[in-house]
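File shown: start-v5.cif. Contents: mmCIF, C-alpha atoms and all ligand atoms.
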data_upload
#
loop_
_atom_site.group_PDB
_atom_site.id
_atom_site.type_symbol
_atom_site.label_atom_id
_atom_site.label_comp_id
_atom_site.auth_asym_id
_atom_site.auth_seq_id
_atom_site.Cartn_x
_atom_site.Cartn_y
_atom_site.Cartn_z
ATOM 1 C CA MET A 1 13.621 7.417 16.319
ATOM 2 C CA LYS A 2 16.286 6.542 13.812
ATOM 3 C CA ALA A 3 15.701 8.141 10.406
ATOM 4 C CA PRO A 4 14.832 5.316 8.022
ATOM 5 C CA ASP A 5 16.222 5.110 4.499
ATOM 6 C CA PHE A 6 13.532 3.414 2.528
ATOM 7 C CA ARG A 7 14.867 0.514 0.576
ATOM 8 C CA LEU A 8 13.374 -2.350 -1.290
ATOM 9 C CA SER A 9 13.705 -5.739 0.349
ATOM 10 C CA ASP A 10 16.766 -6.491 -1.758
ATOM 11 C CA GLY A 11 18.499 -3.377 -0.450
ATOM 12 C CA ARG A 12 18.159 -1.089 -3.484
ATOM 13 C CA LEU A 13 16.671 2.338 -3.018
ATOM 14 C CA HIS A 14 13.260 2.695 -4.559
ATOM 15 C CA ALA A 15 11.961 5.913 -6.091
ATOM 16 C CA ILE A 16 10.927 7.320 -2.768
ATOM 17 C CA ALA A 17 11.202 10.801 -1.428
ATOM 18 C CA VAL A 18 12.973 10.203 1.842
ATOM 19 C CA CYS A 19 11.434 12.273 4.600
ATOM 20 C CA GLY A 20 12.988 15.372 6.110
ATOM 21 C CA ARG A 21 15.955 17.190 4.639
ATOM 22 C CA ALA A 22 16.498 14.685 1.816
ATOM 23 C CA ARG A 23 12.964 14.792 0.519
ATOM 24 C CA ASP A 24 13.784 16.944 -2.488
ATOM 25 C CA ARG A 25 16.521 14.622 -3.683
ATOM 26 C CA TYR A 26 14.205 13.160 -6.306
ATOM 27 C CA SER A 27 12.884 15.817 -8.626
ATOM 28 C CA GLY A 28 12.094 13.794 -11.740
ATOM 29 C CA ARG A 29 8.705 13.528 -13.370
ATOM 30 C CA MET A 30 7.378 10.728 -11.262
ATOM 31 C CA ILE A 31 5.370 9.877 -8.218
ATOM 32 C CA THR A 32 7.353 9.338 -5.044
ATOM 33 C CA ALA A 33 5.950 7.948 -1.803
ATOM 34 C CA GLN A 34 6.866 8.352 1.842
ATOM 35 C CA PRO A 35 5.452 6.192 4.651
ATOM 36 C CA VAL A 36 3.664 7.825 7.561
ATOM 37 C CA PRO A 37 3.489 5.239 10.358
ATOM 38 C CA ILE A 38 0.155 5.604 12.169
ATOM 39 C CA LEU A 39 -1.927 3.749 14.766
ATOM 40 C CA LYS A 40 -0.500 0.381 15.808
ATOM 41 C CA ASP A 41 0.976 -0.875 12.554
ATOM 42 C CA ASN A 42 -0.711 1.069 9.718
ATOM 43 C CA TYR A 43 1.001 3.094 7.024
ATOM 44 C CA ALA A 44 -0.544 6.168 5.452
ATOM 45 C CA TRP A 45 1.418 7.117 2.311
ATOM 46 C CA LEU A 46 2.379 10.648 1.313
ATOM 47 C CA LEU A 47 2.657 10.860 -2.489
ATOM 48 C CA ARG A 48 4.274 13.677 -4.421
ATOM 49 C CA ASP A 49 4.205 14.376 -8.137
ATOM 50 C CA GLY A 50 7.753 15.376 -9.059
ATOM 51 C CA ALA A 51 6.680 17.518 -12.014
ATOM 52 C CA THR A 52 4.206 19.788 -10.239
ATOM 53 C CA GLY A 53 4.726 19.248 -6.512
ATOM 54 C CA ALA A 54 1.122 18.063 -6.118
ATOM 55 C CA VAL A 55 0.678 15.968 -2.980
ATOM 56 C CA ALA A 56 -1.714 13.189 -1.987
ATOM 57 C CA ILE A 57 -2.183 11.213 1.207
ATOM 58 C CA VAL A 58 -3.407 7.622 1.142
ATOM 59 C CA ASP A 59 -5.590 6.304 4.012
ATOM 60 C CA PRO A 60 -5.046 9.138 6.550
ATOM 61 C CA ALA A 61 -6.647 7.390 9.536
ATOM 62 C CA ASP A 62 -4.785 9.306 12.258
ATOM 63 C CA PRO A 63 -4.895 13.081 11.634
ATOM 64 C CA ALA A 64 -2.077 14.281 13.941
ATOM 65 C CA PRO A 65 0.882 12.345 12.476
ATOM 66 C CA VAL A 66 -0.557 12.712 8.975
ATOM 67 C CA ALA A 67 -0.824 16.517 9.330
ATOM 68 C CA ALA A 68 2.714 16.615 10.733
ATOM 69 C CA ALA A 69 3.999 14.738 7.683
ATOM 70 C CA ILE A 70 2.089 17.006 5.275
ATOM 71 C CA ASP A 71 3.349 20.131 7.017
ATOM 72 C CA ALA A 72 6.928 18.817 7.026
ATOM 73 C CA ALA A 73 6.615 18.285 3.262
ATOM 74 C CA GLY A 74 5.516 21.887 2.693
ATOM 75 C CA GLY A 75 1.890 21.999 3.810
ATOM 76 C CA ARG A 76 0.327 21.287 0.428
ATOM 77 C CA LEU A 77 -2.338 18.591 0.003
ATOM 78 C CA ASP A 78 -4.293 18.110 -3.226
ATOM 79 C CA LEU A 79 -5.844 14.661 -2.863
ATOM 80 C CA ILE A 80 -6.892 12.128 -0.251
ATOM 81 C CA LEU A 81 -6.992 8.594 -1.669
ATOM 82 C CA LEU A 82 -8.969 5.928 0.210
ATOM 83 C CA THR A 83 -8.423 2.202 -0.430
ATOM 84 C CA HIS A 84 -11.363 0.906 1.634
ATOM 85 C CA HIS A 85 -13.864 1.804 4.308
ATOM 86 C CA HIS A 86 -12.256 0.344 7.454
ATOM 87 C CA ASN A 87 -11.739 2.840 10.232
ATOM 88 C CA ASP A 88 -7.996 2.279 10.448
ATOM 89 C CA HIS A 89 -7.831 3.655 6.884
ATOM 90 C CA ILE A 90 -10.416 6.468 6.786
ATOM 91 C CA ALA A 91 -10.850 7.841 10.314
ATOM 92 C CA GLY A 92 -8.874 11.077 9.851
ATOM 93 C CA THR A 93 -10.245 11.898 6.388
ATOM 94 C CA ASP A 94 -12.730 14.660 7.236
ATOM 95 C CA GLU A 95 -10.335 16.412 9.597
ATOM 96 C CA ILE A 96 -7.503 16.357 7.029
ATOM 97 C CA ARG A 97 -9.859 17.476 4.253
ATOM 98 C CA ALA A 98 -11.098 20.398 6.351
ATOM 99 C CA ARG A 99 -7.581 21.448 7.257
ATOM 100 C CA TYR A 100 -6.065 21.378 3.749
ATOM 101 C CA GLY A 101 -9.066 21.576 1.421
ATOM 102 C CA ALA A 102 -8.064 18.433 -0.443
ATOM 103 C CA ARG A 103 -10.354 16.405 -2.735
ATOM 104 C CA VAL A 104 -11.314 12.924 -1.518
ATOM 105 C CA VAL A 105 -11.191 9.954 -3.927
ATOM 106 C CA GLY A 106 -12.683 6.560 -3.072
ATOM 107 C CA ALA A 107 -14.659 3.615 -4.386
ATOM 108 C CA ARG A 108 -18.041 4.339 -5.948
ATOM 109 C CA ALA A 109 -19.162 0.890 -4.766
ATOM 110 C CA ASP A 110 -18.611 1.897 -1.126
ATOM 111 C CA ALA A 111 -19.619 5.570 -1.309
ATOM 112 C CA HIS A 112 -22.375 4.904 1.254
ATOM 113 C CA ARG A 113 -19.853 3.963 3.934
ATOM 114 C CA LEU A 114 -16.888 6.166 3.037
ATOM 115 C CA PRO A 115 -16.434 9.848 3.927
ATOM 116 C CA ALA A 116 -18.128 12.111 1.346
ATOM 117 C CA LEU A 117 -16.322 11.587 -1.973
ATOM 118 C CA ASP A 118 -15.369 14.365 -4.391
ATOM 119 C CA GLN A 119 -14.417 11.732 -6.979
ATOM 120 C CA ALA A 120 -16.082 8.305 -6.878
ATOM 121 C CA VAL A 121 -14.103 5.749 -8.873
ATOM 122 C CA GLY A 122 -14.108 2.148 -10.058
ATOM 123 C CA GLU A 123 -12.049 -0.260 -12.150
ATOM 124 C CA GLY A 124 -9.979 1.468 -14.819
ATOM 125 C CA ASP A 125 -10.766 5.030 -13.775
ATOM 126 C CA ARG A 126 -7.973 7.599 -13.798
ATOM 127 C CA VAL A 127 -6.925 9.787 -10.893
ATOM 128 C CA ALA A 128 -4.753 12.802 -11.671
ATOM 129 C CA LEU A 129 -2.097 13.853 -9.171
ATOM 130 C CA GLY A 130 -0.595 16.968 -10.707
ATOM 131 C CA ALA A 131 0.776 15.934 -14.102
ATOM 132 C CA THR A 132 0.676 12.206 -13.326
ATOM 133 C CA GLN A 133 -2.174 9.791 -13.918
ATOM 134 C CA GLY A 134 -2.911 6.938 -11.546
ATOM 135 C CA ARG A 135 -5.154 4.022 -12.456
ATOM 136 C CA VAL A 136 -7.793 2.502 -10.196
ATOM 137 C CA ILE A 137 -7.777 -1.283 -9.880
ATOM 138 C CA ALA A 138 -10.847 -2.855 -8.278
ATOM 139 C CA THR A 139 -9.614 -5.442 -5.753
ATOM 140 C CA PRO A 140 -12.612 -6.929 -3.898
ATOM 141 C CA GLY A 141 -12.009 -9.655 -1.330
ATOM 142 C CA HIS A 142 -10.953 -8.012 1.932
ATOM 143 C CA THR A 143 -13.992 -5.741 1.497
ATOM 144 C CA ARG A 144 -16.554 -5.489 -1.320
ATOM 145 C CA GLY A 145 -15.430 -2.084 -2.504
ATOM 146 C CA HIS A 146 -11.676 -2.308 -1.943
ATOM 147 C CA ILE A 147 -9.612 -0.519 -4.609
ATOM 148 C CA ALA A 148 -5.910 -0.088 -5.314
ATOM 149 C CA PHE A 149 -4.204 2.889 -6.976
ATOM 150 C CA TYR A 150 -1.393 2.251 -9.453
ATOM 151 C CA PHE A 151 0.965 4.999 -10.652
ATOM 152 C CA ALA A 152 2.971 3.538 -13.521
ATOM 153 C CA ASP A 153 5.215 6.635 -13.573
ATOM 154 C CA GLY A 154 7.216 5.843 -10.450
ATOM 155 C CA GLY A 155 6.043 2.238 -10.174
ATOM 156 C CA VAL A 156 3.902 2.854 -7.092
ATOM 157 C CA LEU A 157 1.089 0.446 -6.159
ATOM 158 C CA LEU A 158 -1.055 1.515 -3.200
ATOM 159 C CA CYS A 159 -2.800 -1.750 -2.393
ATOM 160 C CA GLY A 160 -4.285 -1.143 1.067
ATOM 161 C CA ASP A 161 -5.296 -4.421 2.698
ATOM 162 C CA THR A 162 -5.398 -6.555 -0.470
ATOM 163 C CA LEU A 163 -1.779 -7.547 -1.078
ATOM 164 C CA PHE A 164 0.564 -7.476 1.911
ATOM 165 C CA THR A 165 4.265 -8.170 2.100
ATOM 166 C CA LEU A 166 4.378 -11.991 2.257
ATOM 167 C CA GLY A 167 0.613 -12.105 2.792
ATOM 168 C CA CYS A 168 -2.807 -10.869 1.764
ATOM 169 C CA GLY A 169 -5.838 -9.365 3.461
ATOM 170 C CA ARG A 170 -8.403 -11.469 5.283
ATOM 171 C CA LEU A 171 -11.595 -12.340 3.430
ATOM 172 C CA LEU A 172 -13.951 -10.222 5.526
ATOM 173 C CA GLU A 173 -16.568 -9.604 2.826
ATOM 174 C CA GLY A 174 -15.502 -11.234 -0.418
ATOM 175 C CA SER A 175 -14.954 -14.827 -1.527
ATOM 176 C CA ALA A 176 -11.656 -16.610 -2.050
ATOM 177 C CA ALA A 177 -12.342 -16.508 -5.799
ATOM 178 C CA GLU A 178 -12.749 -12.701 -5.698
ATOM 179 C CA MET A 179 -9.553 -12.195 -3.703
ATOM 180 C CA PHE A 180 -7.653 -14.614 -5.940
ATOM 181 C CA ALA A 181 -8.770 -12.648 -9.010
ATOM 182 C CA SER A 182 -7.815 -9.358 -7.331
ATOM 183 C CA LEU A 183 -4.339 -10.668 -6.534
ATOM 184 C CA ARG A 184 -3.910 -11.947 -10.114
ATOM 185 C CA LYS A 185 -4.567 -8.402 -11.382
ATOM 186 C CA LEU A 186 -1.876 -6.975 -9.116
ATOM 187 C CA ALA A 187 0.528 -9.814 -10.012
ATOM 188 C CA ALA A 188 0.280 -8.792 -13.678
ATOM 189 C CA LEU A 189 1.869 -5.376 -13.022
ATOM 190 C CA PRO A 190 5.579 -4.930 -13.857
ATOM 191 C CA PRO A 191 7.834 -6.838 -11.419
ATOM 192 C CA GLU A 192 9.710 -3.626 -10.589
ATOM 193 C CA THR A 193 6.510 -2.144 -9.112
ATOM 194 C CA GLY A 194 6.779 -1.111 -5.464
ATOM 195 C CA VAL A 195 4.176 -2.672 -3.160
ATOM 196 C CA TYR A 196 2.994 0.084 -0.803
ATOM 197 C CA CYS A 197 0.529 -1.753 1.430
ATOM 198 C CA GLY A 198 -1.443 -0.542 4.425
ATOM 199 C CA HIS A 199 0.266 -2.363 7.305
ATOM 200 C CA GLU A 200 3.666 -3.413 8.624
ATOM 201 C CA TYR A 201 2.916 -7.142 8.778
ATOM 202 C CA THR A 202 6.002 -8.655 7.161
ATOM 203 C CA GLU A 203 7.481 -10.414 10.158
ATOM 204 C CA SER A 204 4.260 -12.079 11.284
ATOM 205 C CA ASN A 205 3.355 -12.943 7.685
ATOM 206 C CA ALA A 206 6.828 -14.460 7.241
ATOM 207 C CA ARG A 207 6.174 -16.952 10.043
ATOM 208 C CA PHE A 208 3.181 -18.416 8.232
ATOM 209 C CA ALA A 209 4.812 -18.186 4.801
ATOM 210 C CA LEU A 210 7.853 -20.144 6.020
ATOM 211 C CA HIS A 211 5.516 -22.707 7.577
ATOM 212 C CA ALA A 212 3.591 -23.077 4.302
ATOM 213 C CA ASP A 213 6.605 -23.044 1.948
ATOM 214 C CA PRO A 214 9.671 -23.969 4.001
ATOM 215 C CA GLU A 215 11.969 -24.899 1.097
ATOM 216 C CA ASN A 216 11.545 -21.600 -0.801
ATOM 217 C CA ALA A 217 15.029 -20.037 -0.839
ATOM 218 C CA ALA A 218 13.746 -16.662 -2.086
ATOM 219 C CA LEU A 219 11.257 -16.573 0.797
ATOM 220 C CA ARG A 220 13.897 -17.472 3.357
ATOM 221 C CA ALA A 221 16.184 -14.704 2.088
ATOM 222 C CA TYR A 222 13.278 -12.212 2.045
ATOM 223 C CA ALA A 223 12.289 -13.133 5.626
ATOM 224 C CA GLU A 224 15.868 -12.684 6.796
ATOM 225 C CA ARG A 225 16.119 -9.218 5.178
ATOM 226 C CA ALA A 226 12.820 -8.226 6.798
ATOM 227 C CA ARG A 227 13.986 -9.427 10.197
ATOM 228 C CA ALA A 228 17.174 -7.359 9.887
ATOM 229 C CA LEU A 229 15.231 -4.231 8.816
ATOM 230 C CA ARG A 230 12.811 -4.519 11.742
ATOM 231 C CA ALA A 231 15.702 -5.103 14.154
ATOM 232 C CA GLU A 232 16.940 -1.651 13.068
ATOM 233 C CA GLY A 233 13.458 -0.152 13.436
ATOM 234 C CA ARG A 234 13.091 0.350 9.674
ATOM 235 C CA PRO A 235 9.987 -0.306 7.563
ATOM 236 C CA THR A 236 9.928 -3.407 5.377
ATOM 237 C CA VAL A 237 7.450 -1.658 3.067
ATOM 238 C CA PRO A 238 7.532 -1.001 0.155
ATOM 239 C CA SER A 239 8.596 -4.339 -1.196
ATOM 240 C CA ARG A 240 9.147 -5.114 -4.860
ATOM 241 C CA LEU A 241 6.386 -6.977 -6.671
ATOM 242 C CA GLY A 242 8.930 -9.346 -8.239
ATOM 243 C CA ASP A 243 10.055 -10.373 -4.751
ATOM 244 C CA GLU A 244 6.439 -11.000 -3.723
ATOM 245 C CA LEU A 245 5.947 -13.166 -6.818
ATOM 246 C CA ALA A 246 8.955 -15.232 -5.744
ATOM 247 C CA ALA A 247 8.188 -15.452 -2.028
ATOM 248 C CA ASN A 248 4.556 -14.618 -1.144
ATOM 249 C CA PRO A 249 2.590 -17.894 -0.907
ATOM 250 C CA PHE A 250 -0.714 -16.123 -1.599
ATOM 251 C CA LEU A 251 0.612 -14.779 -4.916
ATOM 252 C CA ARG A 252 2.181 -18.134 -5.736
ATOM 253 C CA ALA A 253 -1.012 -20.182 -5.271
ATOM 254 C CA PRO A 254 -1.706 -21.482 -8.809
ATOM 255 C CA GLU A 255 -5.498 -21.741 -8.548
ATOM 256 C CA VAL A 256 -8.434 -20.672 -6.380
ATOM 257 C CA ALA A 257 -8.784 -23.891 -4.352
ATOM 258 C CA GLY A 258 -5.146 -23.810 -3.294
ATOM 259 C CA PHE A 259 -5.440 -20.131 -2.447
ATOM 260 C CA ALA A 260 -8.615 -20.705 -0.394
ATOM 261 C CA ASP A 261 -6.933 -23.505 1.538
ATOM 262 C CA LEU A 262 -3.897 -21.316 2.238
ATOM 263 C CA ARG A 263 -6.070 -18.400 3.403
ATOM 264 C CA ALA A 264 -8.074 -20.692 5.731
ATOM 265 C CA ARG A 265 -4.872 -22.158 7.201
ATOM 266 C CA LYS A 266 -3.465 -18.679 7.796
ATOM 267 C CA ASP A 267 -6.657 -17.669 9.624
ATOM 268 C CA ARG A 268 -6.101 -20.568 12.058
ATOM 269 C CA PHE A 269 -2.312 -20.181 12.299
HETATM 270 ZN ZN ZN A 301 -9.015 -3.357 6.218
#
Produce structure tokens that represent the structure in this file.
Ligand SMILES: [Zn+2]
Amino acid sequence: MKAPDFRLSDGRLHAIAVCGRARDRYSGRMITAQPVPILKDNYAWLLRDGATGAVAIVDPADPAPVAAAIDAAGGRLDLILLTHHHNDHIAGTDEIRARYGARVVGARADAHRLPALDQAVGEGDRVALGATQGRVIATPGHTRGHIAFYFADGGVLLCGDTLFTLGCGRLLEGSAAEMFASLRKLAALPPETGVYCGHEYTESNARFALHADPENAALRAYAERARALRAEGRPTVPSRLGDELAANPFLRAPEVAGFADLRARKDRF
């Protein structure tokens, strides 16, 4: 497989530790993130605190490729961060915890259906990765207890199945109003924030987005960049929040009713 160089959708390099030999290129005091493609189209994310070398993995559903990525990065694992209880996000947690002795962090609201948690968290709680503090953002909608992790130092938003590139998660447990409110919280983060979501869905999401908002020039340019990246076998994630605000119809819906209509149309698309 061709070694990807992880770029934002507008072509600029984000603060990411590129895997393999270049992974130590970024040594500043910030969180860097590396995608670990797993299952059919999921991403686990390997985070590293530049100041201390502390390492976290987000949503390690498939233990073999996740362990390979951790070992390639030096074999250290401090934290396992879980965004929500679906199997394609949590399945490898206990095996990875047993292998590396990492602490597991997940939503207090869903503790009954997550792997055993060492730190149960909710809205506004802090999660320390080495010297860096992440903030928990409660994002119900896709599931009741869905949470996102935001590391301001590095501009890294781990948003699971809430906000996707050019899309958003399906409303499996929550209401449209809950998901709309969750997306508004994420939309309020700095536009330079990197959107590190849980799936590679950009191309299929682009088809609906272009159907819903055909005259949006920013969306058309975004979709074309994504198509070119995928043609080269490269991830389209992370994207930049500012680009989502310009192109993602679910972030651009001005009120709940419009959002609910859009979500229902996407479900039938
Ligand atoms: Zn899910």
**Prompt:** Evaluating the PyMOL selection byres (((chain A and resi 119-130) around 8) and not hetatm) on the displayed file yields which residues, as a list in words?
**Reply:** Arg48, Asp49, Ala51, Thr52, Gly53, Ala54, Val55, Ala56, Asp78, Leu79, Arg103, Val104, Val105, Gly106, Ala107, Arg108, Ala109, Ala111, Leu117, Asp118, Ala131, Thr132, Gln133, Gly134, Arg135, Val136, Ile137, Ala138 and Ile147 of chain A
**Request:** Could you check which of A:Ser182, A:Asn42, A:Thr202, A:Ser175 is closest to ligand ZN 301 (chain A), using only C-alpha atoms and all ligand atoms?
**Result:** A:Asn42
With 9 Å as the cut-off and all atoms listed in the file counted, what is the closest atom pair between each nearby residue of chain A and ligand ZN 301 (chain A)? Distances in Å to one decimal, ordered by chain and number, as CSV.
residue,atom,partner,partner_atom,distance
A:Thr83,CA,A:ZN301,ZN,8.7
A:His84,CA,A:ZN301,ZN,6.7
A:His85,CA,A:ZN301,ZN,7.3
A:His86,CA,A:ZN301,ZN,5.1
A:Asn87,CA,A:ZN301,ZN,7.9
A:Asp88,CA,A:ZN301,ZN,7.1
A:His89,CA,A:ZN301,ZN,7.1
A:His142,CA,A:ZN301,ZN,6.6
A:Thr143,CA,A:ZN301,ZN,7.3
A:His146,CA,A:ZN301,ZN,8.6
A:Gly160,CA,A:ZN301,ZN,7.3
A:Asp161,CA,A:ZN301,ZN,5.2
A:Thr162,CA,A:ZN301,ZN,8.2
A:Gly169,CA,A:ZN301,ZN,7.3
A:Arg170,CA,A:ZN301,ZN,8.2
A:Leu172,CA,A:ZN301,ZN,8.5
A:Gly198,CA,A:ZN301,ZN,8.3
**Item:** Non-local contacts of Phe269 of chain A (12 Å; all atoms listed in the file; under 3 positions in same chain excluded) as a list in words
**Value:** Ser204, Asn205, Ala206, Arg207, Phe208, Ala209, Leu210, His211, Ala212, Leu262, Arg263, Ala264, Arg265 and Lys266 of chain A
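The interatomic distance for the pair atom CA of Gly145 of chain A and atom CA of Gly50 of chain A works out to 29.8 Å.
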**Prompt:** How far is it from atom CA of Ala247 of chain A to atom CA of Val36 of chain A, in Å with one decimal?
**Reply:** 25.6 Å
